[in-house]
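Engineer: Data file query16.cif (mmCIF, C-alpha atoms and all ligand atoms) is appended below.
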data_query
loop_
_atom_site.label_atom_id
_atom_site.label_comp_id
_atom_site.auth_asym_id
_atom_site.auth_seq_id
_atom_site.Cartn_x
_atom_site.Cartn_y
_atom_site.Cartn_z
CA MET A 44 44.06 46.96 70.31
CA ARG A 45 46.70 44.41 69.46
CA LEU A 46 47.55 41.95 66.74
CA THR A 47 46.57 38.40 67.66
CA PHE A 48 45.90 35.15 65.90
CA LEU A 49 42.31 34.30 65.27
CA GLU A 50 41.46 31.75 67.88
CA LEU A 51 38.93 29.22 66.79
CA VAL A 52 37.78 26.99 69.56
CA ILE A 53 36.15 24.18 67.67
CA PRO A 54 34.06 22.69 70.49
CA GLU A 55 32.86 26.17 71.42
CA ILE A 56 31.49 26.53 67.93
CA ALA A 57 29.84 23.14 68.14
CA GLY A 58 28.59 24.44 71.47
CA PRO A 59 28.86 22.96 74.90
CA PRO A 60 25.90 20.89 76.10
CA GLU A 61 23.13 23.29 77.00
CA ILE A 62 22.53 23.64 80.70
CA PRO A 63 19.67 25.38 82.43
CA ARG A 64 20.92 28.92 83.01
CA ARG A 65 18.77 30.04 85.89
CA HIS A 66 18.10 28.47 89.22
CA GLY A 67 21.03 26.18 89.15
CA PRO A 68 21.54 22.68 88.10
CA ALA A 69 18.25 21.00 87.28
CA SER A 70 20.59 18.19 86.39
CA PRO A 71 23.92 18.36 88.22
CA ASN A 72 25.43 15.87 85.77
CA LEU A 73 24.89 18.20 82.83
CA ASN A 74 26.66 20.87 84.81
CA ILE A 75 29.64 18.66 85.30
CA ILE A 76 29.74 17.80 81.59
CA HIS A 77 29.61 21.52 80.87
CA HIS A 78 32.61 22.16 83.08
CA PHE A 79 34.50 19.24 81.62
CA TRP A 80 33.90 20.70 78.24
CA ARG A 81 35.60 23.88 79.37
CA LEU A 82 38.46 22.16 81.10
CA TYR A 83 39.35 19.85 78.25
CA THR A 84 38.87 22.11 75.28
CA ARG A 85 42.01 23.96 74.36
CA PRO A 86 42.01 26.71 71.75
CA LEU A 87 43.08 25.55 68.29
CA ARG A 88 45.12 28.25 66.65
CA ILE A 89 44.61 28.84 62.97
CA GLY A 90 47.47 30.82 61.59
CA TYR A 91 46.29 34.02 60.01
CA PRO A 92 46.53 37.25 61.89
CA VAL A 93 43.52 39.48 62.38
CA LEU A 94 42.96 42.59 64.43
CA THR A 95 40.86 41.86 67.48
CA VAL A 96 39.83 43.92 70.45
CA SER A 97 39.12 41.91 73.55
CA ALA A 98 35.89 42.74 75.34
CA THR A 99 37.78 42.39 78.61
CA PRO A 100 41.27 43.84 77.94
CA ILE A 101 42.18 44.37 81.63
CA LEU A 102 41.04 40.89 82.61
CA ASP A 103 42.97 39.42 79.64
CA LEU A 104 46.17 41.31 80.63
CA GLU A 105 46.11 43.38 77.43
CA GLN A 106 45.74 46.52 79.54
CA ASP A 107 47.03 47.26 83.03
CA PRO A 108 44.46 47.86 85.78
CA PRO A 109 44.24 51.56 86.70
CA ALA A 110 47.11 52.73 88.90
CA PRO A 111 46.02 53.30 92.50
CA GLY A 112 45.56 56.92 93.50
CA SER A 113 47.66 58.21 96.38
CA GLY A 114 45.94 59.34 99.55
CA LYS A 115 48.13 62.47 99.80
CA TRP A 116 45.20 64.89 99.44
CA THR A 117 43.40 63.33 102.40
CA VAL A 118 46.54 63.58 104.55
CA LEU A 119 47.07 67.19 103.40
CA ILE A 120 43.47 68.18 104.27
CA TYR A 121 43.81 66.72 107.79
CA LEU A 122 47.20 68.46 108.29
CA VAL A 123 45.74 71.82 107.18
CA ILE A 124 42.73 71.43 109.51
CA GLY A 125 44.97 70.34 112.45
CA SER A 126 47.32 73.29 111.92
CA ALA A 127 44.38 75.71 111.59
CA ILE A 128 42.95 74.53 114.94
CA GLY A 129 46.37 74.89 116.62
CA ILE A 130 47.13 78.36 115.18
CA GLY A 131 43.53 79.59 115.69
CA ALA A 132 43.44 78.48 119.36
CA ASP A 133 46.88 79.99 119.99
CA SER A 134 45.95 83.38 118.52
CA LEU A 135 42.64 83.47 120.42
CA GLY A 136 44.33 82.46 123.64
CA VAL A 137 42.12 79.35 124.04
CA LYS A 138 43.66 76.54 126.09
CA LEU A 139 43.47 73.30 124.09
CA PRO A 140 42.69 69.99 125.87
CA GLN A 141 45.57 67.64 126.68
CA LEU A 142 46.05 64.64 124.40
CA ASN A 143 47.28 61.45 126.10
CA PHE A 144 47.73 59.02 123.23
CA LEU A 145 47.38 55.87 125.38
CA VAL A 146 44.04 57.00 126.81
CA TRP A 147 42.95 58.49 123.50
CA ILE A 148 42.96 55.12 121.61
CA PRO A 149 40.28 53.36 123.76
CA LEU A 150 38.29 56.62 123.96
CA LEU A 151 38.46 56.86 120.16
CA TYR A 152 36.89 53.39 119.90
CA ILE A 153 34.07 54.54 122.20
CA ALA A 154 33.58 57.75 120.19
CA ILE A 155 33.44 55.80 116.89
CA SER A 156 30.90 53.40 118.44
CA ILE A 157 28.66 56.33 119.45
CA HIS A 158 28.88 57.77 115.90
CA GLU A 159 28.00 54.43 114.25
CA LEU A 160 25.24 53.67 116.76
CA GLY A 161 23.79 57.08 115.82
CA HIS A 162 23.51 55.87 112.21
CA LEU A 163 21.94 52.56 113.29
CA LEU A 164 19.49 54.14 115.73
CA ALA A 165 18.24 56.60 113.10
CA GLY A 166 18.06 53.66 110.68
CA LYS A 167 15.88 51.78 113.18
CA MET A 168 13.62 54.82 113.51
CA THR A 169 13.14 54.79 109.72
CA CYS A 170 12.46 51.03 109.60
CA MET A 171 15.95 49.80 108.69
CA ALA A 172 17.12 46.79 110.70
CA SER A 173 20.70 46.83 111.96
CA GLY A 174 22.99 44.59 109.94
CA GLY A 175 26.25 45.23 111.72
CA ILE A 176 28.79 47.63 113.09
CA VAL A 177 32.53 47.95 112.53
CA VAL A 178 34.64 49.87 115.04
CA GLY A 179 38.34 49.76 114.17
CA GLY A 180 39.32 46.09 114.35
CA PHE A 181 36.03 44.92 115.88
CA VAL A 182 33.60 43.59 113.29
CA ALA A 183 30.07 42.38 114.11
CA MET A 184 27.96 41.55 111.09
CA LYS A 185 24.75 39.76 110.27
CA SER A 186 25.42 36.94 107.82
CA GLY A 187 22.24 35.06 106.86
CA ASP A 188 20.87 33.42 109.99
CA HIS A 189 24.02 34.10 112.05
CA TRP A 190 25.80 37.03 113.58
CA THR A 191 29.55 36.87 113.01
CA VAL A 192 31.82 38.64 115.48
CA ARG A 193 35.56 38.87 115.00
CA PHE A 194 38.61 41.00 115.57
CA ASP A 195 40.67 41.96 112.55
CA PRO A 196 44.06 43.31 113.71
CA ARG A 197 44.67 44.82 110.26
CA ARG A 198 41.79 47.23 110.81
CA ILE A 199 43.04 48.31 114.24
CA PHE A 200 43.66 51.88 113.04
CA GLY A 201 40.70 51.79 110.66
CA SER A 202 37.59 53.86 111.14
CA GLY A 203 34.03 52.67 111.73
CA MET A 204 31.10 51.58 109.65
CA ALA A 205 27.40 51.08 110.29
CA ILE A 206 25.49 48.56 108.19
CA PRO A 207 21.77 49.32 107.98
CA LEU A 208 19.48 46.80 106.28
CA PRO A 209 16.77 48.70 104.42
CA GLY A 210 13.84 46.75 103.01
CA LYS A 211 12.86 46.73 99.35
CA ASP A 212 9.90 49.05 99.84
CA GLY A 213 9.71 52.71 100.64
CA PHE A 214 12.80 53.96 98.91
CA GLU A 215 12.97 57.55 100.07
CA ALA A 216 16.05 59.75 99.97
CA GLY A 217 14.74 61.50 103.11
CA ARG A 218 14.93 58.33 105.22
CA PHE A 219 18.42 57.53 104.02
CA ALA A 220 19.49 61.18 104.55
CA TRP A 221 18.29 61.08 108.15
CA MET A 222 20.16 57.81 108.74
CA VAL A 223 23.38 59.28 107.24
CA ALA A 224 23.07 62.58 109.16
CA ALA A 225 22.55 60.89 112.53
CA GLY A 226 26.24 59.80 112.77
CA PRO A 227 27.68 63.34 112.58
CA ILE A 228 24.85 64.60 114.85
CA ALA A 229 25.91 62.01 117.48
CA SER A 230 29.56 63.11 117.09
CA ILE A 231 28.70 66.82 117.43
CA ALA A 232 26.68 66.10 120.60
CA THR A 233 29.47 63.94 122.12
CA THR A 234 32.18 66.52 121.33
CA TYR A 235 30.05 69.30 122.85
CA VAL A 236 29.46 67.32 126.08
CA CYS A 237 33.19 66.43 126.34
CA TRP A 238 34.15 70.05 125.69
CA LEU A 239 31.78 71.25 128.46
CA ALA A 240 33.28 68.64 130.83
CA PHE A 241 36.81 69.84 129.92
CA ARG A 242 35.86 73.50 130.57
CA ARG A 243 34.34 72.55 133.93
CA PHE A 244 36.75 69.87 135.26
CA GLY A 245 39.92 70.41 133.22
CA ASP A 246 41.94 67.57 131.62
CA GLY A 247 41.17 64.97 134.31
CA ALA A 248 43.54 62.31 135.68
CA GLY A 249 45.97 61.22 132.97
CA GLY A 250 44.29 63.73 130.65
CA TRP A 251 41.30 61.47 130.05
CA ILE A 252 38.74 64.29 129.79
CA GLY A 253 41.00 66.28 127.46
CA SER A 254 41.67 63.17 125.35
CA SER A 255 37.93 62.45 125.17
CA VAL A 256 37.45 65.84 123.45
CA TRP A 257 40.03 64.88 120.80
CA ALA A 258 38.58 61.38 120.43
CA SER A 259 35.01 62.58 119.87
CA ALA A 260 36.19 65.44 117.62
CA ILE A 261 37.56 62.86 115.15
CA GLY A 262 33.91 62.04 114.31
CA LEU A 263 33.54 65.63 113.07
CA ALA A 264 35.83 64.68 110.14
CA SER A 265 32.71 63.06 108.66
CA LEU A 266 31.46 66.64 108.12
CA ILE A 267 34.25 67.27 105.57
CA PRO A 268 32.67 66.57 102.19
CA MET A 269 35.18 64.23 100.57
CA SER A 270 35.45 60.77 99.12
CA SER A 271 38.24 58.27 99.26
CA GLY A 272 37.80 55.49 96.77
CA ILE A 273 34.42 53.83 97.10
CA HIS A 274 33.86 55.41 100.52
CA LYS A 275 32.27 58.81 100.89
CA SER A 276 32.19 60.92 104.04
CA ASP A 277 28.78 61.40 105.63
CA ALA A 278 28.68 65.02 104.44
CA ALA A 279 29.50 64.01 100.86
CA ARG A 280 26.84 61.26 100.94
CA LEU A 281 24.28 63.63 102.42
CA TRP A 282 25.01 66.22 99.72
CA ILE A 283 24.43 63.60 97.01
CA LEU A 284 21.19 62.42 98.67
CA LEU A 285 19.85 65.95 98.77
CA THR A 286 20.98 67.17 95.35
CA ARG A 287 21.60 64.21 92.98
CA PRO A 288 18.45 62.04 92.71
CA ASP A 289 19.87 59.71 90.00
CA GLN A 290 23.07 58.96 91.91
CA SER A 291 21.11 58.63 95.16
CA ARG A 292 18.70 56.06 93.72
CA SER A 293 21.55 53.87 92.52
CA TRP A 294 23.33 54.11 95.91
CA MET A 295 20.12 53.31 97.83
CA ALA A 296 19.60 50.31 95.52
CA ALA A 297 23.20 49.15 96.18
CA VAL A 298 22.68 49.39 99.96
CA THR A 299 19.44 47.42 99.62
CA VAL A 300 21.07 44.72 97.46
CA GLN A 301 23.79 44.43 100.11
CA ALA A 302 21.02 44.05 102.71
CA GLU A 303 19.44 41.21 100.69
CA ASN A 304 22.83 39.50 100.59
CA ALA A 305 23.30 39.95 104.36
CA ARG A 306 19.87 38.37 104.94
CA GLY A 307 21.06 35.27 103.08
CA VAL A 308 19.38 35.85 99.70
CA ARG A 309 21.47 34.21 96.98
CA PRO A 310 22.85 36.48 94.21
CA ARG A 311 20.59 34.98 91.51
CA ASP A 312 17.54 35.77 93.69
CA TRP A 313 18.43 39.42 94.38
CA ASP A 314 15.62 41.68 93.21
CA ALA A 315 16.19 42.28 89.47
CA ALA A 316 14.77 45.82 89.55
CA LEU A 317 17.11 46.74 92.41
CA VAL A 318 20.13 45.32 90.58
CA GLU A 319 19.18 47.29 87.47
CA GLN A 320 18.78 50.48 89.50
CA MET A 321 22.12 49.85 91.23
CA LEU A 322 23.85 49.45 87.85
CA ALA A 323 22.36 52.72 86.57
CA ALA A 324 24.94 54.63 88.66
CA PRO A 325 25.96 57.65 86.57
CA GLY A 326 29.60 58.48 85.81
CA SER A 327 32.59 56.27 85.27
CA GLY A 328 34.38 56.64 88.59
CA SER A 329 34.54 54.53 91.70
CA GLU A 330 30.71 54.67 92.04
CA GLN A 331 30.75 51.95 89.37
CA LEU A 332 32.93 49.53 91.32
CA PHE A 333 30.55 48.06 93.89
CA PRO A 334 27.54 47.74 91.50
CA HIS A 335 29.63 45.90 88.91
CA LEU A 336 31.31 43.65 91.49
CA MET A 337 27.89 42.63 92.83
CA ALA A 338 26.52 42.19 89.28
CA PHE A 339 29.55 40.01 88.46
CA LEU A 340 28.78 37.68 91.37
CA ARG A 341 25.10 37.58 90.42
CA CYS A 342 25.95 36.64 86.82
CA LEU A 343 28.24 33.86 88.07
CA ASP A 344 25.34 32.47 90.12
CA GLU A 345 23.08 32.78 87.06
CA ARG A 346 25.75 31.06 84.96
CA ASN A 347 25.87 33.96 82.55
CA GLU A 348 29.63 33.73 82.36
CA SER A 349 30.41 36.12 79.51
CA LEU A 350 28.35 38.87 81.12
CA ALA A 351 30.06 38.07 84.45
CA SER A 352 33.48 38.73 82.86
CA GLU A 353 32.25 42.05 81.45
CA HIS A 354 31.03 43.21 84.86
CA LEU A 355 34.33 42.22 86.48
CA GLU A 356 36.17 44.13 83.76
CA LYS A 357 34.12 47.25 84.55
CA ALA A 358 34.74 46.85 88.28
CA LEU A 359 38.50 46.54 87.59
CA ALA A 360 38.40 49.62 85.36
CA ALA A 361 36.79 51.59 88.22
CA SER A 362 39.21 50.34 90.90
CA GLY A 363 41.90 53.05 90.65
CA ARG A 364 40.86 54.92 93.77
CA SER A 365 39.83 51.94 95.88
CA GLY A 366 41.89 50.60 98.77
CA LYS A 367 44.11 47.53 98.80
CA ALA A 368 41.49 45.20 100.31
CA VAL A 369 38.96 45.94 97.56
CA ARG A 370 41.56 45.68 94.79
CA GLN A 371 42.76 42.38 96.24
CA THR A 372 39.22 40.97 96.12
CA LEU A 373 38.91 42.02 92.47
CA TYR A 374 42.32 40.58 91.54
CA LEU A 375 41.56 37.22 93.20
CA GLN A 376 38.26 37.10 91.30
CA ALA A 377 40.13 37.96 88.08
CA ALA A 378 42.46 35.01 88.73
CA GLU A 379 39.50 32.65 89.18
CA VAL A 380 37.74 33.90 86.06
CA ASN A 381 40.90 33.39 84.01
CA ALA A 382 41.40 29.90 85.45
CA LEU A 383 37.84 28.57 85.28
CA LEU A 384 36.03 30.58 82.61
CA LYS A 385 38.86 31.53 80.25
CA ASN A 386 41.02 28.44 80.75
CA ASN A 387 44.14 30.62 81.01
CA ALA A 388 46.29 29.43 83.92
CA GLU A 389 49.14 31.79 83.07
CA ALA A 390 46.93 34.89 83.30
CA ALA A 391 45.34 33.48 86.46
CA ARG A 392 48.78 33.22 88.09
CA THR A 393 49.61 36.80 87.06
CA TRP A 394 46.41 38.03 88.77
CA LEU A 395 47.17 35.95 91.87
CA ASP A 396 50.68 37.47 92.04
CA ARG A 397 49.21 40.96 91.71
CA ALA A 398 46.74 40.20 94.53
CA LEU A 399 49.45 38.81 96.83
CA LYS A 400 51.66 41.88 96.30
CA LEU A 401 48.92 44.12 97.74
CA ARG A 402 48.72 42.50 101.20
CA LYS A 403 48.38 39.09 102.82
CA PRO A 404 44.92 37.81 101.84
CA GLU A 405 42.50 36.47 104.44
CA SER A 406 42.26 33.31 102.39
CA ARG A 407 43.66 32.44 98.96
CA THR A 408 42.65 28.79 98.83
CA CYS A 409 39.58 29.39 96.63
CA THR A 410 41.78 30.97 93.95
CA ASP A 411 44.41 28.25 94.41
CA SER A 412 41.72 25.60 93.80
CA ALA A 413 40.66 27.29 90.56
CA ILE A 414 44.24 27.47 89.26
CA ALA A 415 44.92 23.86 90.28
CA MET A 416 41.79 22.75 88.37
CA CYS A 417 42.86 24.71 85.30
CA GLU A 418 46.29 23.08 85.43
CA GLY A 419 44.78 19.61 85.88
CA ARG A 420 46.14 19.18 89.44
CA TYR A 421 42.89 17.79 90.83
CA ASP A 422 44.42 16.34 94.02
CA ASP A 423 45.70 19.79 94.97
CA ALA A 424 42.42 21.39 93.92
CA LEU A 425 40.46 19.10 96.28
CA LYS A 426 42.71 20.09 99.20
CA HIS A 427 42.24 23.80 98.45
CA ILE A 428 38.45 23.33 98.13
CA ALA A 429 38.34 21.63 101.55
CA ALA A 430 40.39 24.49 103.05
CA THR A 431 38.04 27.09 101.53
CA ARG A 432 35.00 25.32 102.93
CA ALA A 433 36.65 25.15 106.37
CA PHE A 434 37.32 28.92 106.17
CA LEU A 435 33.65 29.68 105.38
CA LEU A 436 32.45 27.46 108.23
CA LYS A 437 34.97 28.85 110.75
CA ARG A 438 33.83 32.37 109.95
CA LYS A 439 30.17 31.22 110.25
CA LEU A 440 29.46 33.00 106.96
CA ASP A 441 25.88 32.49 105.83
CA SER A 442 25.21 35.46 103.54
CA GLY A 443 23.72 34.95 100.09
CA LEU A 444 27.24 34.99 98.65
CA ALA A 445 28.45 32.44 101.22
CA ARG A 446 25.53 30.12 100.34
CA PHE A 447 26.39 30.47 96.65
CA SER A 448 30.08 29.79 97.42
CA HIS A 449 29.23 26.51 99.18
CA ASP A 450 27.30 25.30 96.12
CA TRP A 451 30.07 26.40 93.83
CA LEU A 452 32.65 24.51 95.89
CA ASP A 453 30.47 21.36 95.73
CA GLU A 454 30.37 21.70 91.98
CA ARG A 455 34.13 22.19 91.71
CA GLU A 456 34.65 19.14 93.87
CA SER A 457 32.47 17.00 91.57
CA VAL A 458 34.38 18.22 88.52
CA CYS A 459 37.71 17.27 90.15
CA ARG A 460 36.51 13.84 91.24
CA ASN A 461 35.07 13.06 87.81
CA ALA A 462 38.22 14.27 86.11
CA MET A 463 40.30 11.98 88.33
CA LEU A 464 38.01 9.08 87.49
CA ALA A 465 38.30 9.86 83.79
CA GLU A 466 42.10 9.96 84.11
CA ALA A 467 42.11 6.62 85.89
CA HIS A 468 39.98 5.13 83.08
CA ALA A 469 42.29 6.53 80.43
CA GLN A 470 45.29 4.89 82.14
CA PRO A 471 44.11 1.39 83.11
CA GLY A 472 47.48 0.51 84.72
CA ILE A 473 47.15 3.29 87.30
CA ARG A 474 44.64 3.04 90.07
CA ARG A 475 43.55 6.35 91.62
CA ASP A 476 41.64 6.80 94.80
CA GLY A 477 38.60 9.00 95.00
ZN ZN B 1 29.22 58.23 109.71
#
The structure given in the file should be rewritten as structure tokens.
Structural biologist:
Amino acid sequence: MRLTFLELVIPEIAGPPEIPRRHGPASPNLNIIHHFWRLYTRPLRIGYPVLTVSATPILDLEQDPPAPGSGKWTVLIYLVIGSAIGIGADSLGVKLPQLNFLVWIPLLYIAISIHELGHLLAGKMTCMASGGIVVGGFVAMKSGDHWTVRFDPRRIFGSGMAIPLPGKDGFEAGRFAWMVAAGPIASIATTYVCWLAFRRFGDGAGGWIGSSVWASAIGLASLIPMSSGIHKSDAARLWILLTRPDQSRSWMAAVTVQAENARGVRPRDWDAALVEQMLAAPGSGSEQLFPHLMAFLRCLDERNESLASEHLEKALAASGRSGKAVRQTLYLQAAEVNALLKNNAEAARTWLDRALKLRKPESRTCTDSAIAMCEGRYDDALKHIAATRAFLLKRKLDSGLARFSHDWLDERESVCRNAMLAEAHAQPGIRRDG
């Protein structure tokens, strides 16, 4: 809570021209007028202080976002397990396989692929299409009508991920549990086979058989029930699926909403019952992050902007234990919301700075375009919009969110062009192009 001046935004009280809220611009012109209204209305301050509590204190910079948790417990757990294996083998007189780091890295990629393919194969057997696989830096993902394949060097030491695409019907915890369990089952089987090969043939040339035991054994880490940020190990997820029906339902709904997005369904057309179920996630921890981030994007597409801000606020509040990439996404969105919905360029720049401090973003041009629009630099905004569109096309992104983004960029472009025309009219001596 803080002392502020009552801000009366006169045109807001008079009300912006009403636009159709759902299913986009029946009349694109009205949309543009609506955005103009936002861009050109500045708050009029009336000078008596009142106590106000913002509905979105983190977004409005009244509160700091939660401090990121350190990953020291994860590191400690792995160190304890590693030491236990070493000491245990030594005391039992068991010869441990050789580890050749150079051979181990490619073998690790193979072992991760087998683990993730286990998830996808079991998914297939329970009627879930495969939506993608991530193995370290290799990313292959279904995006609408395309498959996008790329190599992300920043993920080179990252783990793997399987992306199943469940349908909207037949929500059963048993099917999801089988799909989750199949990854560790594949890892156990691979480790066992490699161990048998090591016992029979020894370490192999360059220690490749020995290293294959260590590479496949890494997949057994998924049997440690733990969570790091929004990610849960397979064992932790399985435990929830078998014992926590409320939390399971909301997670299954979130996976299914993500599948709708991957199939190219726009946020405003995601199944409303699924979205509601996804948002019913119990607790206040990181389980809340993904549902509220997705709900935020859906509200933007539905043009329910105040509700969008509230969902983003909740996602930010739940972001303490998430990794840098997820926090950066949230911070860039916070910058755009401040620039375009709250008309606060200063706060938008603060969020952009926070996002840039985390790591180099894949693309920042979308946020730059929003800030340029807020600051009335329409020429710059148009350049950033073109760069954002080029990024989406280069990546061949065609998910529901990508389709929404293209429309949103078109709309931003119209606002900029109209604003430039209006400026040119206001200053008859100056001729502007565009
Ligand atoms: Zn797994």
Engineer: Quick one: residues within 9 Å of ligand ZN 1 (chain B), with all atoms listed in the file, as number ranges by chain?
Structural biologist: A: 155, 158-159, 161-162, 203-205, 223-227, 230, 262, 265-266, 276-278
Engineer: Can you tell me how far CA of Asp103 in chain A sits from CA of Ala315 in chain A, in Å to one decimal?
Structural biologist: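 According to the coordinates, CA of Asp103 in chain A and CA of Ala315 in chain A are separated by 28.7 Å.
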Engineer: Hey, what's within 12 Å of Val146 in chain A if we count all atoms listed in the file and toss same-chain stuff fewer than 6 positions away? As a ChimeraX atom specification, please?
Structural biologist: /A:152-153,246-258
Engineer: What is the distance, in Å and to one decimal place, between CA of Tyr235 in chain A and CA of Ala264 in chain A?
Structural biologist: 14.7 Å
Engineer: Just checking: using all atoms listed in the file, which residue out of A:Gly217, A:Gly363, A:Gly112, A:Pro207 ends up closest to Trp282 in chain A?
Structural biologist: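 Comparing A:Gly217, A:Gly363, A:Gly112, A:Pro207 against Trp282 in chain A, the winner is A:Gly217.
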Engineer: If you measure from CA of Leu102 in chain A to CA of Thr410 in chain A, what distance in Å do you get, rounded to one decimal?
Structural biologist: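 Atom-to-atom, CA of Leu102 in chain A to CA of Thr410 in chain A, that is 15.1 Å.
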Engineer: Ranking A:Arg311, A:Lys357, A:His427, A:Arg460 by minimum distance to Leu444 in chain A and counting all atoms listed in the file, which one comes first?
Structural biologist: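 The closest residue to Leu444 in chain A is A:Arg311.
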Engineer: So, with all atoms listed in the file as the atoms that count, which of A:Ile120, A:Met416, A:Leu343, A:Leu395 lies closest to Leu373 in chain A?
Structural biologist: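 Under the stated criterion, the closest residue is A:Leu395.
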Engineer: Tell me, as a PyMOL selection string, which residues lie within 12 Å of range 181-185 of chain A, counting only C-alpha atoms; anything in the same chain fewer than 5 positions away does not count.
Structural biologist: chain A and resi 152-153+155-156+172-176+190-208+301-307+438-443
Engineer: If the box runs along x, y and z of the file and leaves 6 Å on each side of range 101-119 of chain A, what are its centre and edge lengths in Å, one decimal, as lines of an AutoDock Vina configuration file?
Structural biologist:
center_x = 44.6
center_y = 53.3
center_z = 91.0
size_x = 19.1
size_y = 39.8
size_z = 39.1
Engineer: Go through A:Val308, A:Leu239, A:Ala232, A:Met168 one by one, measure the shortest atom-to-atom distance of each to Gly187 in chain A using only C-alpha atoms, and give the residue with the smallest value.
Structural biologist: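 The answer is A:Val308, which sits nearest to Gly187 in chain A.
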Engineer: Nearest to Phe333 in chain A: which of A:Leu436, A:Leu350, A:Ala216, A:Ile273 is it, counting only C-alpha atoms?
Structural biologist: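 Smallest distance to Phe333 in chain A is found for A:Ile273.
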Engineer: Near Cys459 in chain A, counting all atoms listed in the file, which residues have an atom at most 6 Å away, once you skip same-chain residues fewer than 3 positions from it, shown as a ChimeraX atom specification?
Structural biologist: /A:421,456,462
